[in-house]
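Asks: For reference, the structure I am asking about is given below.
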Amino acid sequence: MAKHPGVMECVMYEERSGRSETVECGLEDDSCQLVLKRLRGLGEGEFGWVRLVDPAESELVRLAGELGLHPLAVEDAVQARQRPKRERFGDVLAVALKTLWYVDAESAVETGQLMVFVGPRYVLTVRHGPVDPAGEAARRLAADPGMLRFGPMAVLHALLDVVVDDYGDCADKVRAALTALEDRVFSPSRVDHTEAIYSLKREVREFRDAVLPLVPVLQGLLAGPREGGPQRPPKVLPYFRDVEDHLNRTATEVRSLDELLTSVLGAQQARVGTWQNDDMRRISAWAAIFAIPTMVAGVYGMNFEHMPELRWSLGYPLALALMALASGLLYRAFRRNGWL
């Protein structure tokens, strides 16, 4: 099946005034050249943000050559199977992020990918998946144009802030699903929820694989560039620390969810074992109750000629009374001890 063409958007920013200009563009040759021309013509205190959605490799290569992106970075952006990471290619900082969203109907955590390339005068984002953190990040920058004084790093901060906020919202929804599942596990009904627990645990593992690797990425951004790359203004560090704090809280929540699911799974297995023990105890009790009539009837059903009480007129009702009395006493004892 042929791949649909990607989508391209472009915005030019002026750092001091906070003004922005949306450039009508696309991935066609003429539009692409127009964007590159605008990027090459940017002056001091200006930068551009180019946003791509599900581009093909051939579409991204045309931009990559002009922007000086490394071929390995282009490959990472197209494949969309990267763990969260941070790399530098010359004067370009590349950051890979996982986007998350929670599907209530399926109790599933779905993932996408966002690749962010931060250059001296531009930001290029490549998105795969339906969640669009770039749109929300652009709205936040428009609401707080003062952040634009930090240049391209302001866009990176806004994207990280939106993605980490989405992680927190997703964690809240997973916590609610886990609470509901926990209530069902400890309800009086005898339903085995092991499959549902394993399913949610698998989703939490996917969640964890998106969140935990991002922690060292943010720590590296706070540490600053070591091999060149775009300089980040010192005054932007508190904003990145705030994002790191939110991320650390979410990472702690994800670990807690994983551990709690393990505990719930153990509780479910213990309850299943208890149900099986109750069933076996109940079966054993009824077997013992029916064993006495079976034994008495079996003895007197052997049809030997010389057996005691065979010719006694009260023998038959006495045997029935003995069976009923013994069975009743056993039933009462088992009932009192909770075996029935």
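As shown in the structure tokens, the chain order sets the letters A, B, ...; within each chain, residues go from 1, and ligands are also counted from 1 in the order they appear.
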If you run DSSP on the backbone, which residues of range 98-228 of chain A are strand (DSSP E or B), as an MDAnalysis selection string?

Replies: chainID A and resid 98:103 108:118 122:128

Asks: Output N, CA, C and O atoms for every residue in that selection, as a compact mmCIF listing (two decimals), in the first residue's frame.

Replies:
```
# COMPACT_ATOMS: atom_id res chain seq x y z
N LYS A 98 8.95 10.17 22.67
CA LYS A 98 7.78 9.33 22.45
C LYS A 98 6.53 10.11 22.87
O LYS A 98 6.48 10.65 23.98
N THR A 99 5.55 10.18 21.98
CA THR A 99 4.26 10.76 22.35
C THR A 99 3.34 9.64 22.81
O THR A 99 3.41 8.52 22.32
N LEU A 100 2.49 9.96 23.78
CA LEU A 100 1.59 8.96 24.37
C LEU A 100 0.16 9.47 24.39
O LEU A 100 -0.08 10.67 24.55
N TRP A 101 -0.77 8.57 24.23
CA TRP A 101 -2.18 8.87 24.46
C TRP A 101 -2.86 7.60 24.93
O TRP A 101 -2.44 6.49 24.61
N TYR A 102 -3.91 7.78 25.72
CA TYR A 102 -4.61 6.66 26.35
C TYR A 102 -5.95 6.45 25.65
O TYR A 102 -6.73 7.39 25.46
N VAL A 103 -6.22 5.20 25.25
CA VAL A 103 -7.47 4.84 24.60
C VAL A 103 -8.37 4.20 25.66
O VAL A 103 -8.12 3.07 26.10
N ALA A 108 -5.71 1.02 26.68
CA ALA A 108 -4.42 0.84 26.03
C ALA A 108 -3.66 2.16 25.95
O ALA A 108 -4.26 3.22 25.77
N VAL A 109 -2.34 2.08 26.10
CA VAL A 109 -1.46 3.23 25.93
C VAL A 109 -0.83 3.13 24.55
O VAL A 109 -0.10 2.18 24.26
N GLU A 110 -1.14 4.08 23.68
CA GLU A 110 -0.59 4.10 22.33
C GLU A 110 0.57 5.08 22.26
O GLU A 110 0.59 6.09 22.98
N THR A 111 1.52 4.80 21.39
CA THR A 111 2.72 5.64 21.30
C THR A 111 2.94 6.12 19.88
O THR A 111 2.60 5.44 18.91
N GLY A 112 3.51 7.29 19.78
CA GLY A 112 3.99 7.85 18.53
C GLY A 112 5.40 8.36 18.74
O GLY A 112 5.99 8.13 19.81
N GLN A 113 5.94 9.06 17.77
CA GLN A 113 7.30 9.58 17.91
C GLN A 113 7.38 11.01 17.41
O GLN A 113 6.70 11.39 16.45
N LEU A 114 8.20 11.80 18.09
CA LEU A 114 8.50 13.16 17.68
C LEU A 114 10.01 13.33 17.66
O LEU A 114 10.67 13.11 18.67
N MET A 115 10.53 13.69 16.51
CA MET A 115 11.97 13.95 16.36
C MET A 115 12.15 15.45 16.23
O MET A 115 11.51 16.09 15.38
N VAL A 116 13.01 16.04 17.07
CA VAL A 116 13.22 17.48 17.09
C VAL A 116 14.68 17.76 16.73
O VAL A 116 15.59 17.25 17.39
N PHE A 117 14.88 18.58 15.70
CA PHE A 117 16.22 19.02 15.30
C PHE A 117 16.32 20.52 15.58
O PHE A 117 15.54 21.31 15.03
N VAL A 118 17.26 20.89 16.44
CA VAL A 118 17.44 22.28 16.84
C VAL A 118 18.75 22.78 16.25
O VAL A 118 19.83 22.31 16.62
N TYR A 122 16.97 27.55 13.30
CA TYR A 122 15.75 26.84 12.90
C TYR A 122 15.48 25.70 13.88
O TYR A 122 16.36 25.24 14.62
N VAL A 123 14.21 25.24 13.85
CA VAL A 123 13.79 24.01 14.52
C VAL A 123 13.01 23.20 13.50
O VAL A 123 12.12 23.73 12.84
N LEU A 124 13.37 21.95 13.37
CA LEU A 124 12.65 21.03 12.48
C LEU A 124 12.09 19.91 13.33
O LEU A 124 12.82 19.24 14.06
N THR A 125 10.77 19.71 13.26
CA THR A 125 10.14 18.60 13.99
C THR A 125 9.51 17.64 13.00
O THR A 125 8.90 18.06 12.01
N VAL A 126 9.68 16.36 13.27
CA VAL A 126 9.12 15.29 12.43
C VAL A 126 8.25 14.43 13.34
O VAL A 126 8.74 13.80 14.28
N ARG A 127 6.95 14.42 13.05
CA ARG A 127 5.98 13.72 13.91
C ARG A 127 5.41 12.50 13.21
O ARG A 127 5.08 12.56 12.03
N HIS A 128 5.28 11.41 13.99
CA HIS A 128 4.58 10.20 13.55
C HIS A 128 3.55 9.87 14.61
O HIS A 128 3.86 9.75 15.79
```

Asks: Show which residues sit within 9 Å of range 143-154 of chain A, as a PyMOL selection string. Count only C-alpha atoms, and ignore same-chain residues fewer than 2 positions away.

Replies: chain A and resi 13-19+45-49+118-123+138-141+156-159+230-233+235-236

Asks: Output N, CA, C and O atoms for every residue in that selection, as a compact mmCIF listing (two decimals), in the first residue's frame.

Replies:
```txt
# COMPACT_ATOMS: atom_id res chain seq x y z
N TYR A 13 9.69 33.20 13.44
CA TYR A 13 9.56 33.93 14.70
C TYR A 13 10.62 35.03 14.78
O TYR A 13 11.74 34.89 14.27
N GLU A 14 10.24 36.10 15.47
CA GLU A 14 11.17 37.17 15.81
C GLU A 14 11.31 37.17 17.32
O GLU A 14 10.33 37.33 18.06
N GLU A 15 12.55 36.98 17.80
CA GLU A 15 12.77 36.71 19.21
C GLU A 15 12.38 37.89 20.11
O GLU A 15 11.72 37.72 21.14
N ARG A 16 12.80 39.09 19.77
CA ARG A 16 12.60 40.23 20.67
C ARG A 16 11.15 40.67 20.73
O ARG A 16 10.60 40.90 21.82
N SER A 17 10.53 40.80 19.59
CA SER A 17 9.15 41.29 19.56
C SER A 17 8.13 40.19 19.84
O SER A 17 7.00 40.48 20.22
N GLY A 18 8.52 38.92 19.63
CA GLY A 18 7.59 37.81 19.81
C GLY A 18 6.63 37.64 18.65
O GLY A 18 5.70 36.83 18.74
N ARG A 19 6.84 38.39 17.57
CA ARG A 19 5.96 38.26 16.41
C ARG A 19 6.24 36.95 15.67
O ARG A 19 7.37 36.45 15.67
N GLY A 45 18.36 37.38 15.44
CA GLY A 45 17.18 37.45 16.28
C GLY A 45 15.94 36.85 15.66
O GLY A 45 14.83 37.08 16.15
N GLU A 46 16.11 36.09 14.59
CA GLU A 46 14.98 35.43 13.93
C GLU A 46 15.28 33.94 13.78
O GLU A 46 16.45 33.54 13.65
N PHE A 47 14.24 33.13 13.80
CA PHE A 47 14.41 31.71 13.53
C PHE A 47 13.11 31.15 12.99
O PHE A 47 12.04 31.76 13.12
N GLY A 48 13.21 30.00 12.33
CA GLY A 48 12.04 29.36 11.75
C GLY A 48 11.77 28.01 12.37
O GLY A 48 12.69 27.33 12.87
N TRP A 49 10.51 27.63 12.36
CA TRP A 49 10.08 26.32 12.87
C TRP A 49 9.35 25.60 11.74
O TRP A 49 8.27 26.02 11.33
N VAL A 118 17.26 20.89 16.44
CA VAL A 118 17.44 22.28 16.84
C VAL A 118 18.75 22.78 16.25
O VAL A 118 19.83 22.31 16.62
N GLY A 119 18.65 23.71 15.32
CA GLY A 119 19.82 24.32 14.71
C GLY A 119 20.01 25.74 15.21
O GLY A 119 19.24 26.24 16.04
N PRO A 120 21.03 26.42 14.72
CA PRO A 120 21.29 27.80 15.19
C PRO A 120 20.14 28.76 14.88
O PRO A 120 19.84 29.65 15.67
N ARG A 121 19.45 28.56 13.73
CA ARG A 121 18.40 29.50 13.32
C ARG A 121 17.11 28.79 12.93
O ARG A 121 16.25 29.40 12.30
N TYR A 122 16.97 27.55 13.30
CA TYR A 122 15.75 26.84 12.90
C TYR A 122 15.48 25.70 13.88
O TYR A 122 16.36 25.24 14.62
N VAL A 123 14.21 25.24 13.85
CA VAL A 123 13.79 24.01 14.52
C VAL A 123 13.01 23.20 13.50
O VAL A 123 12.12 23.73 12.84
N ALA A 138 2.95 25.42 19.95
CA ALA A 138 2.84 26.69 19.24
C ALA A 138 1.84 27.61 19.93
O ALA A 138 2.05 28.82 20.03
N ARG A 139 0.74 27.06 20.43
CA ARG A 139 -0.25 27.88 21.13
C ARG A 139 0.33 28.45 22.43
O ARG A 139 0.04 29.59 22.81
N ARG A 140 1.14 27.65 23.13
CA ARG A 140 1.74 28.15 24.36
C ARG A 140 2.75 29.26 24.08
O ARG A 140 2.85 30.23 24.83
N LEU A 141 3.51 29.12 23.00
CA LEU A 141 4.45 30.18 22.63
C LEU A 141 3.72 31.45 22.23
O LEU A 141 4.16 32.56 22.54
N LEU A 156 12.01 23.91 21.72
CA LEU A 156 12.32 22.61 22.32
C LEU A 156 11.71 22.51 23.71
O LEU A 156 11.13 21.48 24.07
N HIS A 157 11.82 23.60 24.49
CA HIS A 157 11.23 23.58 25.83
C HIS A 157 9.71 23.40 25.76
O HIS A 157 9.12 22.61 26.51
N ALA A 158 9.05 24.14 24.86
CA ALA A 158 7.59 24.05 24.75
C ALA A 158 7.17 22.64 24.36
O ALA A 158 6.19 22.10 24.89
N LEU A 159 7.90 22.02 23.43
CA LEU A 159 7.57 20.65 23.02
C LEU A 159 7.75 19.68 24.17
O LEU A 159 6.89 18.82 24.42
N PRO A 230 23.93 23.90 19.39
CA PRO A 230 23.25 25.15 19.70
C PRO A 230 23.43 25.53 21.15
O PRO A 230 23.28 24.70 22.04
N GLN A 231 23.76 26.79 21.37
CA GLN A 231 23.95 27.26 22.73
C GLN A 231 22.59 27.54 23.37
O GLN A 231 21.71 28.11 22.75
N ARG A 232 22.43 27.13 24.61
CA ARG A 232 21.18 27.42 25.29
C ARG A 232 21.45 28.53 26.30
O ARG A 232 22.41 28.47 27.08
N PRO A 233 20.62 29.58 26.28
CA PRO A 233 20.82 30.69 27.22
C PRO A 233 20.71 30.19 28.66
O PRO A 233 19.85 29.37 28.98
N LYS A 235 19.45 31.55 31.18
CA LYS A 235 18.17 31.87 31.81
C LYS A 235 17.07 30.88 31.45
O LYS A 235 16.00 30.91 32.06
N VAL A 236 17.31 30.02 30.45
CA VAL A 236 16.29 29.05 30.07
C VAL A 236 16.35 27.81 30.95
O VAL A 236 15.41 27.00 30.97
```

Asks: Would you work out the distance separating CA of Gly298 in chain A from CA of Met323 in chain A, expressed in Å to one decimal?

Replies: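 Rounded to one decimal, the two atoms are 11.9 Å apart.
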
Asks: Residues near Arg205 in chain A, anyone? I mean within 12 Å using only C-alpha atoms, not counting same-chain ones fewer than 6 positions away, as a VMD selection string.

Replies: chain A and resid 108 to 111 174 198 to 199 211 to 212 251 254 to 259 261 to 262

Asks: I'd like to know which of A:Leu178, A:Leu247, A:Val131, A:Leu329 is closest to Val164 in chain A, using only C-alpha atoms.

Replies: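 Between A:Leu178, A:Leu247, A:Val131, A:Leu329, the residue approaching Val164 in chain A most closely is A:Leu247.
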
Asks: Given the choices A:Gly129, A:Gly90, A:Gly315, A:Gly328, which gets closest to Leu67 in chain A if the distance is worked out from only C-alpha atoms?

Replies: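 Looking at the shortest contact to Leu67 in chain A, the residue is A:Gly90.
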
Asks: Closest to Cys170 in chain A among A:Arg202, A:Asp279, A:Ala196, A:Asp104, using only C-alpha atoms?

Replies: A:Asp104

Asks: Expressed in Å to a single decimal, how great is the separation between CA of Arg336 in chain A and CA of Ser189 in chain A?

Replies: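 Taking CA of Arg336 in chain A and CA of Ser189 in chain A, their separation equals 23.0 Å.
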
Asks: Rank nothing, just name the residue among A:Leu34, A:Asp245, A:Trp275, A:Ser327 nearest to Thr294 in chain A, using only C-alpha atoms.

Replies: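 Ranking A:Leu34, A:Asp245, A:Trp275, A:Ser327 by distance to Thr294 in chain A, first place goes to A:Ser327.
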
Asks: Name the residues of range 50-228 of chain A that come out as helix (DSSP H, G or I) in a backbone DSSP run; write them as number ranges by chain.

Replies: A: 57-67, 71-79, 133-143, 145-150, 152-185, 194-211, 214-223

Asks: Need the shell around Val74 in chain A: protein/DNA/RNA residues with any atom at most 9 Å away, counting only C-alpha atoms. Skip same-chain ones fewer than 3 positions apart. Format as a list in words?

Replies: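 Neighbouring residues, sequence-local ones excluded: Glu57, Leu60, Val61, Ala64, Leu69, His70, Pro71, Ala77, Val78 and Gln79 of chain A.
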
Asks: Could you write out the selected residues, including C-alpha atoms, as a short mmCIF file (atom, residue, chain, number, x, y, z; two decimals), in the first residue's frame?

Replies:
```
data_model
loop_
_atom_site.label_atom_id
_atom_site.label_comp_id
_atom_site.auth_asym_id
_atom_site.auth_seq_id
_atom_site.Cartn_x
_atom_site.Cartn_y
_atom_site.Cartn_z
CA GLU A 57 12.32 9.54 3.38
CA LEU A 60 12.78 14.61 4.30
CA VAL A 61 16.05 14.19 2.41
CA ALA A 64 17.98 17.53 5.28
CA LEU A 69 21.22 17.11 8.84
CA HIS A 70 23.25 13.95 9.18
CA PRO A 71 21.97 10.94 7.16
CA ALA A 77 13.34 10.53 11.93
CA VAL A 78 11.80 8.42 9.15
CA GLN A 79 11.81 5.03 10.91
#
```

Asks: Hey, what's within 12 Å of Gln33 in chain A if we count only C-alpha atoms and toss same-chain stuff fewer than 6 positions away? As a list in words, please?

Replies: Glu24, Cys25, Gly26, Leu27, Leu39, Arg40, Arg62, Leu63, Gly65, Glu66 and Leu67 of chain A

Asks: Go through A:Phe240, A:Phe89, A:Phe334, A:Trp312 and flag the residue nearest Val215 in chain A, using only C-alpha atoms for the distances.

Replies: A:Phe240

Asks: Between CA of Val185 in chain A and CA of Gln269 in chain A, measure the distance and give it in Å to one decimal.

Replies: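 Those two atoms sit 10.0 Å apart.
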
Asks: List the spatial neighbours of Ala210 in chain A as a list in words - criterion: any atom at most 8 Å away, only C-alpha atoms, same-chain residues fewer than 3 positions off excluded.

Replies: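 The residues that qualify are Arg83, Pro84, Leu97, Lys98, Thr99, Glu206, Phe207, Pro213 and Leu214 of chain A.
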